[in-house]
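A short worksheet on the structure shown next.
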Amino acid sequence: MAAVGLCVIVLAAVIVGVLRNGPQAAAPLIWPAIAALVLNLAVMIAGRRRHRQVTRQLRDQLNTTQGTRRQPARDPLTGFLNRRALVEDATILLHDAAQRDMMMAVLMIDLDRFKTINDLHGHAVGDALLARVAGEISKELPARSLAARLGGDEFACVFLFNPADSKTVQHVAERLVSRLARPIDLDGTALRISASVGVARSDHEPTSVESLIRAADIAMYAAKEAGRNRLNWFDPAMARSLHARNELETALRAAIPAGQIVPFFEQQIDLNTGQIVGFEVLARWNHPVHGQISPDRFIPIAEQTGMIADLSTSLMTQAFLAARDWDPSLTISINISPVQLRDAWLPQKIIKLLLETGFSAHRLEIEITERALFENLPLAQSIIGSLKNQGIRIALDDFGTGYSSLGHLRALPFDRIKIDRSFVQAIAEDQDSAALVGAVASVGASLNLPVTAEGIEDLAAEARMRALGCARGQGYLYGHPIDAANTRRLLAERRLLNASGSATDEAHRRIAG
């Protein structure tokens, strides 16, 4: 604007000068006029460019806003609402419920073991299955229900109900669990899944849609932990339990690298000679504040969160270092989680630890449960074969509680069978348990597989296991699991440390004295 004003003033001066004094009077003003014109032209060009930039920015912003509003409200695979649309529509429905003295129910549905379907049959089959599941869910929902796919294999359903007829919600949830447990036929292939369902209702829980979804989600995870293929109602105690679990998970992440998870050793006894022949390694958590935490609490968390590999590595390293100068005849047995058996590199990781610690592969026995073995039998066979090639022994743990058959025992190169403690401890009162233990011992003998009986707690049980043909036993009769230092003292008393180990202990005693 200043340039335009300057230009006008200069031109006016030129015109006035020409009118008063003739053309020669305008000569001194020609160059200022030209400069003003050039400046004005430059300003106009710059202003126009800036105008275009601002216009483009405003247009882009408007398009973005309109695009957000135009985002699809439905999942393209199932036709169900997406999460954003569910929250928006459910909020309106919740307001409507308040006006009509109705209540809202929120059901969270998560398919059990859907990942296995994807892995075995491919993602195309998985997608087709999700679409069919959506159709099955729709068949069980009341009128005016909202159904959404929140992502992956997780669905949500929202509907209103009369609080005077609260059983409606229970019946809907039960029918969903029942329907989704039926086989689903896809191009001639019968796929079997199940669902875990969590339920929350607005007359029991906070009355925002997001809080209801969160409550139903907590209940759904409780259903999964209780065994899957079931429904669970939200209870405030679940939220407290989840909070405690999350705190334990956080503490566990710090505990593993800090060395708080340590090996304890449980004696394994030759039932014919009474001599110690080895130890089973058990994980114990010595928490600096809460003391010793049961493995039943932290092992499942480690498996669910992927920490089990690091925990196992730490435990094996400590156990190998503690046991490497024991008598060479003593073995140690270490349990491998089903989660670890999904790792094709597991044999290489174990062998690396053996090399780093100097522990002999021939003194190591890996225990694998039946359940872990048959989740992916071909991979398990490959892992077991690799371990056996290095001289590591393999034991089938908790035999009798899973799915083993004689064919599996013949097909897989086991070195030992371990009978679950539940059968050993019930043998005095339960003839079926006695028959099972005897049958397992006979099968072991026919296949040249020694049998270890777990859970021996008294001399009578020991005598029965010996009479039935079990070669080894372990249990509280022989002592509770103890830490590495106390195990070392026990072995020193029994003269089961090798020469270097005994010399080291003697040196330590002299220094202490």
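Chain labels run A, B, ... following the order of the structure tokens; each chain numbers its residues from 1, and ligands are numbered from 1 in the order shown.
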Against stretch 437-461 of chain A, which residues of stretch 258-336 of chain A fall within 10 Å? For each one I want the closest pair of atoms and the distance in Å (one decimal), counting only C-alpha atoms, rows by chain and increasing residue number, as a tab-separated table.
```
residue	atom	partner	partner_atom	distance
A:Gln268	CA	A:Thr452	CA	8.5
A:Ile269	CA	A:Thr452	CA	9.1
A:Asp270	CA	A:Thr452	CA	9.1
A:Leu271	CA	A:Thr452	CA	9.3
```
Using only C-alpha atoms, I'd like a table of the residues in stretch 254-289 of chain A that come within 9 Å of stretch 471-490 of chain A; for each, show the closest atom pair and its distance in Å rounded to one decimal, ordered by chain and ascending number, as CSV.
```
residue,atom,partner,partner_atom,distance
A:Val262,CA,A:Asp483,CA,7.8
A:Pro263,CA,A:Asp483,CA,6.4
A:Phe264,CA,A:Asp483,CA,4.4
A:Phe265,CA,A:Pro481,CA,5.0
A:Glu266,CA,A:Pro481,CA,4.3
A:Gln267,CA,A:Gln474,CA,6.1
A:Gln268,CA,A:Gln474,CA,4.9
A:Ile269,CA,A:Gly473,CA,5.3
A:Asp270,CA,A:Arg472,CA,4.7
A:Leu271,CA,A:Arg472,CA,5.2
A:Asn272,CA,A:Ala471,CA,7.1
A:Val277,CA,A:Arg472,CA,8.6
A:Phe279,CA,A:Gln474,CA,8.8
A:Glu280,CA,A:Pro481,CA,8.7
A:Val281,CA,A:Pro481,CA,8.6
A:Leu282,CA,A:Pro481,CA,7.8
A:Arg284,CA,A:Asp483,CA,9.0
```
Generate the output file for the selected residues, N, CA and C atoms, as an mmCIF file, in the first residue's frame.
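Dumped everything to again.cif:
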```cif
data_model
loop_
_atom_site.group_PDB
_atom_site.id
_atom_site.type_symbol
_atom_site.label_atom_id
_atom_site.label_comp_id
_atom_site.auth_asym_id
_atom_site.auth_seq_id
_atom_site.Cartn_x
_atom_site.Cartn_y
_atom_site.Cartn_z
ATOM 1 N N VAL A 262 16.103 -66.190 40.604
ATOM 2 C CA VAL A 262 17.258 -67.054 40.851
ATOM 3 C C VAL A 262 16.840 -68.521 40.786
ATOM 4 N N PRO A 263 17.799 -69.418 40.519
ATOM 5 C CA PRO A 263 17.474 -70.847 40.479
ATOM 6 C C PRO A 263 17.460 -71.462 41.876
ATOM 7 N N PHE A 264 16.441 -72.272 42.143
ATOM 8 C CA PHE A 264 16.422 -73.159 43.290
ATOM 9 C C PHE A 264 16.510 -74.589 42.751
ATOM 10 N N PHE A 265 17.047 -75.475 43.559
ATOM 11 C CA PHE A 265 17.341 -76.827 43.077
ATOM 12 C C PHE A 265 16.587 -77.863 43.912
ATOM 13 N N GLU A 266 15.815 -78.728 43.233
ATOM 14 C CA GLU A 266 15.080 -79.808 43.886
ATOM 15 C C GLU A 266 15.747 -81.140 43.570
ATOM 16 N N GLN A 267 16.033 -81.904 44.616
ATOM 17 C CA GLN A 267 16.773 -83.160 44.436
ATOM 18 C C GLN A 267 15.988 -84.178 43.618
ATOM 19 N N GLN A 268 16.729 -84.925 42.797
ATOM 20 C CA GLN A 268 16.192 -86.091 42.094
ATOM 21 C C GLN A 268 16.976 -87.305 42.585
ATOM 22 N N ILE A 269 16.235 -88.332 43.049
ATOM 23 C CA ILE A 269 16.833 -89.458 43.757
ATOM 24 C C ILE A 269 16.671 -90.751 42.967
ATOM 25 N N ASP A 270 17.728 -91.534 42.943
ATOM 26 C CA ASP A 270 17.633 -92.885 42.391
ATOM 27 C C ASP A 270 16.867 -93.732 43.406
ATOM 28 N N LEU A 271 15.685 -94.243 43.031
ATOM 29 C CA LEU A 271 14.833 -94.949 43.984
ATOM 30 C C LEU A 271 15.405 -96.307 44.393
ATOM 31 N N ASN A 272 16.364 -96.821 43.660
ATOM 32 C CA ASN A 272 16.964 -98.110 44.020
ATOM 33 C C ASN A 272 18.139 -97.950 44.972
ATOM 34 N N VAL A 277 20.992 -88.079 42.103
ATOM 35 C CA VAL A 277 21.493 -88.230 40.731
ATOM 36 C C VAL A 277 21.344 -86.947 39.926
ATOM 37 N N PHE A 279 19.250 -82.661 39.818
ATOM 38 C CA PHE A 279 18.365 -81.647 40.397
ATOM 39 C C PHE A 279 17.482 -81.072 39.296
ATOM 40 N N GLU A 280 16.251 -80.731 39.673
ATOM 41 C CA GLU A 280 15.417 -79.930 38.784
ATOM 42 C C GLU A 280 15.571 -78.471 39.168
ATOM 43 N N VAL A 281 15.746 -77.611 38.168
ATOM 44 C CA VAL A 281 15.921 -76.177 38.401
ATOM 45 C C VAL A 281 14.547 -75.500 38.402
ATOM 46 N N LEU A 282 14.267 -74.752 39.463
ATOM 47 C CA LEU A 282 12.995 -74.050 39.611
ATOM 48 C C LEU A 282 13.261 -72.561 39.784
ATOM 49 N N ARG A 284 12.714 -68.871 41.248
ATOM 50 C CA ARG A 284 12.217 -68.199 42.441
ATOM 51 C C ARG A 284 12.548 -66.708 42.334
#
```
(Q) Neighbouring residues of A:Leu330 were defined as those with any atom within 7 Å, considering only C-alpha atoms; residues of the same chain fewer than 3 positions away were excluded. Please report them as a list in words. (A) Val277, Gly278, Trp326, Asp327 and Arg363 of chain A
Q | Those in stretch 190-403 of chain A with strand (DSSP E or B) from DSSP, as a PyMOL selection string | A | chain A and resi 190-191+194-201+231-233+261-270+276-287+291-293+326+331-335+364-369+393-399
Write the residues you've just listed into a file as an mmCIF file, in the first residue's frame, and include C-alpha atoms for each of them.
```
data_model
loop_
_atom_site.group_PDB
_atom_site.id
_atom_site.type_symbol
_atom_site.label_atom_id
_atom_site.label_comp_id
_atom_site.auth_asym_id
_atom_site.auth_seq_id
_atom_site.Cartn_x
_atom_site.Cartn_y
_atom_site.Cartn_z
ATOM 1 C CA ALA A 190 -14.371 -77.085 9.320
ATOM 2 C CA LEU A 191 -12.673 -74.450 11.457
ATOM 3 C CA SER A 194 -14.284 -70.208 20.503
ATOM 4 C CA ALA A 195 -14.779 -66.822 22.098
ATOM 5 C CA SER A 196 -14.115 -65.120 25.418
ATOM 6 C CA VAL A 197 -16.812 -62.568 26.258
ATOM 7 C CA GLY A 198 -16.674 -59.759 28.806
ATOM 8 C CA VAL A 199 -19.877 -58.028 29.892
ATOM 9 C CA ALA A 200 -20.491 -54.637 31.529
ATOM 10 C CA ARG A 201 -23.774 -52.780 32.146
ATOM 11 C CA LEU A 231 -18.256 -65.212 29.533
ATOM 12 C CA ASN A 232 -17.407 -63.056 32.516
ATOM 13 C CA TRP A 233 -19.202 -60.112 34.089
ATOM 14 C CA ILE A 261 14.952 -64.328 39.553
ATOM 15 C CA VAL A 262 17.258 -67.054 40.851
ATOM 16 C CA PRO A 263 17.474 -70.847 40.479
ATOM 17 C CA PHE A 264 16.422 -73.159 43.290
ATOM 18 C CA PHE A 265 17.341 -76.827 43.077
ATOM 19 C CA GLU A 266 15.080 -79.808 43.886
ATOM 20 C CA GLN A 267 16.773 -83.160 44.436
ATOM 21 C CA GLN A 268 16.192 -86.091 42.094
ATOM 22 C CA ILE A 269 16.833 -89.458 43.757
ATOM 23 C CA ASP A 270 17.633 -92.885 42.391
ATOM 24 C CA ILE A 276 21.226 -87.991 44.514
ATOM 25 C CA VAL A 277 21.493 -88.230 40.731
ATOM 26 C CA GLY A 278 20.471 -84.723 39.751
ATOM 27 C CA PHE A 279 18.365 -81.647 40.397
ATOM 28 C CA GLU A 280 15.417 -79.930 38.784
ATOM 29 C CA VAL A 281 15.921 -76.177 38.401
ATOM 30 C CA LEU A 282 12.995 -74.050 39.611
ATOM 31 C CA ALA A 283 12.581 -70.274 39.280
ATOM 32 C CA ARG A 284 12.217 -68.199 42.441
ATOM 33 C CA TRP A 285 11.787 -64.431 42.699
ATOM 34 C CA ASN A 286 13.435 -62.786 45.674
ATOM 35 C CA HIS A 287 11.704 -59.404 45.641
ATOM 36 C CA GLY A 291 10.031 -61.198 49.634
ATOM 37 C CA GLN A 292 9.719 -64.451 47.699
ATOM 38 C CA ILE A 293 7.038 -64.349 44.970
ATOM 39 C CA TRP A 326 29.552 -80.348 40.814
ATOM 40 C CA THR A 331 22.497 -83.699 35.947
ATOM 41 C CA ILE A 332 20.241 -80.685 36.018
ATOM 42 C CA SER A 333 16.759 -80.545 34.485
ATOM 43 C CA ILE A 334 15.281 -77.302 33.200
ATOM 44 C CA ASN A 335 11.703 -76.700 32.071
ATOM 45 C CA LEU A 364 21.636 -81.128 30.833
ATOM 46 C CA GLU A 365 18.092 -82.445 30.578
ATOM 47 C CA ILE A 366 15.360 -80.294 29.002
ATOM 48 C CA GLU A 367 11.802 -80.915 30.236
ATOM 49 C CA ILE A 368 8.937 -80.318 27.811
ATOM 50 C CA THR A 369 5.262 -80.644 28.698
ATOM 51 C CA ARG A 393 18.637 -85.192 27.027
ATOM 52 C CA ILE A 394 14.887 -84.641 26.668
ATOM 53 C CA ALA A 395 12.219 -85.506 29.242
ATOM 54 C CA LEU A 396 8.455 -85.540 28.672
ATOM 55 C CA ASP A 397 7.101 -83.665 31.702
ATOM 56 C CA ASP A 398 3.712 -83.991 33.445
ATOM 57 C CA PHE A 399 2.891 -87.171 31.553
#
```
Q | All residues 9 Å or closer to A:Pro72, only C-alpha atoms, same chain fewer than 6 positions away omitted, as a list in words | A |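 Near A:Pro72, the qualifying residues are Leu81, Asn82 and Ala85 of chain A.
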Q | Contacts of A:Val172 within 12 Å, only C-alpha atoms, excl. fewer than 5 positions in-chain, as JSON, numbers by chain | A | {"A": [105, 106, 107, 137, 138, 139, 140, 141, 142, 143, 145, 157, 158, 159, 160, 161, 166, 167, 177, 178, 179, 197, 198, 199, 231]}
Selection from above, N, CA and C atoms, as a CSV table (one decimal), in the first residue's frame, can you write it?
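Contents of out-v3.csv, as written:
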```csv
chain,number,residue,atom,x,y,z
A,105,ALA,N,-26.0,-52.4,27.9
A,105,ALA,CA,-25.0,-53.5,28.0
A,105,ALA,C,-23.9,-53.4,27.0
A,106,VAL,N,-22.7,-53.6,27.4
A,106,VAL,CA,-21.6,-53.7,26.4
A,106,VAL,C,-20.9,-55.0,26.5
A,107,LEU,N,-20.8,-55.7,25.4
A,107,LEU,CA,-20.1,-57.0,25.3
A,107,LEU,C,-18.9,-56.9,24.5
A,137,ILE,N,-22.4,-63.4,15.0
A,137,ILE,CA,-22.7,-62.5,16.1
A,137,ILE,C,-24.0,-61.7,15.8
A,138,SER,N,-24.2,-61.3,14.6
A,138,SER,CA,-25.4,-60.5,14.3
A,138,SER,C,-26.7,-61.3,14.5
A,139,LYS,N,-26.6,-62.6,14.3
A,139,LYS,CA,-27.8,-63.5,14.5
A,139,LYS,C,-28.3,-63.5,16.0
A,140,GLU,N,-27.4,-63.2,16.9
A,140,GLU,CA,-27.8,-63.4,18.3
A,140,GLU,C,-28.1,-62.0,19.0
A,141,LEU,N,-27.9,-60.9,18.3
A,141,LEU,CA,-28.1,-59.6,18.9
A,141,LEU,C,-29.6,-59.1,18.9
A,142,PRO,N,-30.0,-58.5,19.9
A,142,PRO,CA,-31.4,-57.9,19.9
A,142,PRO,C,-31.5,-56.8,18.9
A,143,ALA,N,-32.8,-56.4,18.6
A,143,ALA,CA,-33.0,-55.3,17.7
A,143,ALA,C,-32.4,-54.0,18.2
A,145,SER,N,-29.4,-53.1,18.1
A,145,SER,CA,-28.0,-53.3,18.7
A,145,SER,C,-27.0,-52.6,17.8
A,157,CYS,N,-20.3,-55.3,21.1
A,157,CYS,CA,-21.7,-55.2,20.9
A,157,CYS,C,-22.3,-54.4,22.0
A,158,VAL,N,-23.3,-53.5,21.6
A,158,VAL,CA,-23.9,-52.6,22.5
A,158,VAL,C,-25.4,-52.7,22.3
A,159,PHE,N,-26.2,-52.8,23.3
A,159,PHE,CA,-27.7,-52.8,23.2
A,159,PHE,C,-28.3,-52.3,24.5
A,160,LEU,N,-29.5,-51.9,24.4
A,160,LEU,CA,-30.3,-51.5,25.6
A,160,LEU,C,-31.1,-52.6,26.1
A,161,PHE,N,-31.4,-52.6,27.4
A,161,PHE,CA,-32.3,-53.6,28.0
A,161,PHE,C,-33.0,-53.1,29.1
A,166,SER,N,-33.1,-58.2,33.6
A,166,SER,CA,-31.6,-58.2,33.4
A,166,SER,C,-31.1,-59.5,32.8
A,167,LYS,N,-31.8,-60.6,32.9
A,167,LYS,CA,-31.3,-61.9,32.4
A,167,LYS,C,-31.2,-61.8,30.9
A,177,VAL,N,-21.4,-67.2,23.1
A,177,VAL,CA,-20.4,-68.1,23.4
A,177,VAL,C,-20.7,-69.5,22.8
A,178,SER,N,-21.9,-69.9,22.9
A,178,SER,CA,-22.3,-71.2,22.4
A,178,SER,C,-22.2,-71.2,20.9
A,179,ARG,N,-22.7,-70.2,20.2
A,179,ARG,CA,-22.7,-70.2,18.7
A,179,ARG,C,-21.3,-70.1,18.2
A,197,VAL,N,-15.9,-63.7,26.3
A,197,VAL,CA,-16.8,-62.6,26.3
A,197,VAL,C,-16.8,-61.9,27.6
A,198,GLY,N,-16.6,-60.6,27.6
A,198,GLY,CA,-16.7,-59.8,28.8
A,198,GLY,C,-17.9,-58.9,28.7
A,199,VAL,N,-18.6,-58.7,29.9
A,199,VAL,CA,-19.9,-58.0,29.9
A,199,VAL,C,-19.8,-56.9,31.0
A,231,LEU,N,-18.0,-66.6,29.3
A,231,LEU,CA,-18.3,-65.2,29.5
A,231,LEU,C,-17.9,-64.8,31.0
```
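One finds atom CA of A:Phe298 at 18.4 Å from atom CA of A:Ala372.
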Q) Separation of atom CA of A:Glu493 and atom CA of A:Gly358, in Å? A)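 Taking atom CA of A:Glu493 and atom CA of A:Gly358, their separation equals 24.2 Å.
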(Q) At a cut-off of 9 Å, using only C-alpha atoms, what residues contact A:Ser208? Leave out same-chain residues fewer than 6 positions from it and give the result as a PyMOL selection string. (A) chain A and resi 91+94+202
Q. If you measure from atom CA of A:Asp310 to atom CA of A:Pro257, what distance in Å do you get, rounded to one decimal?
A. 8.4 Å
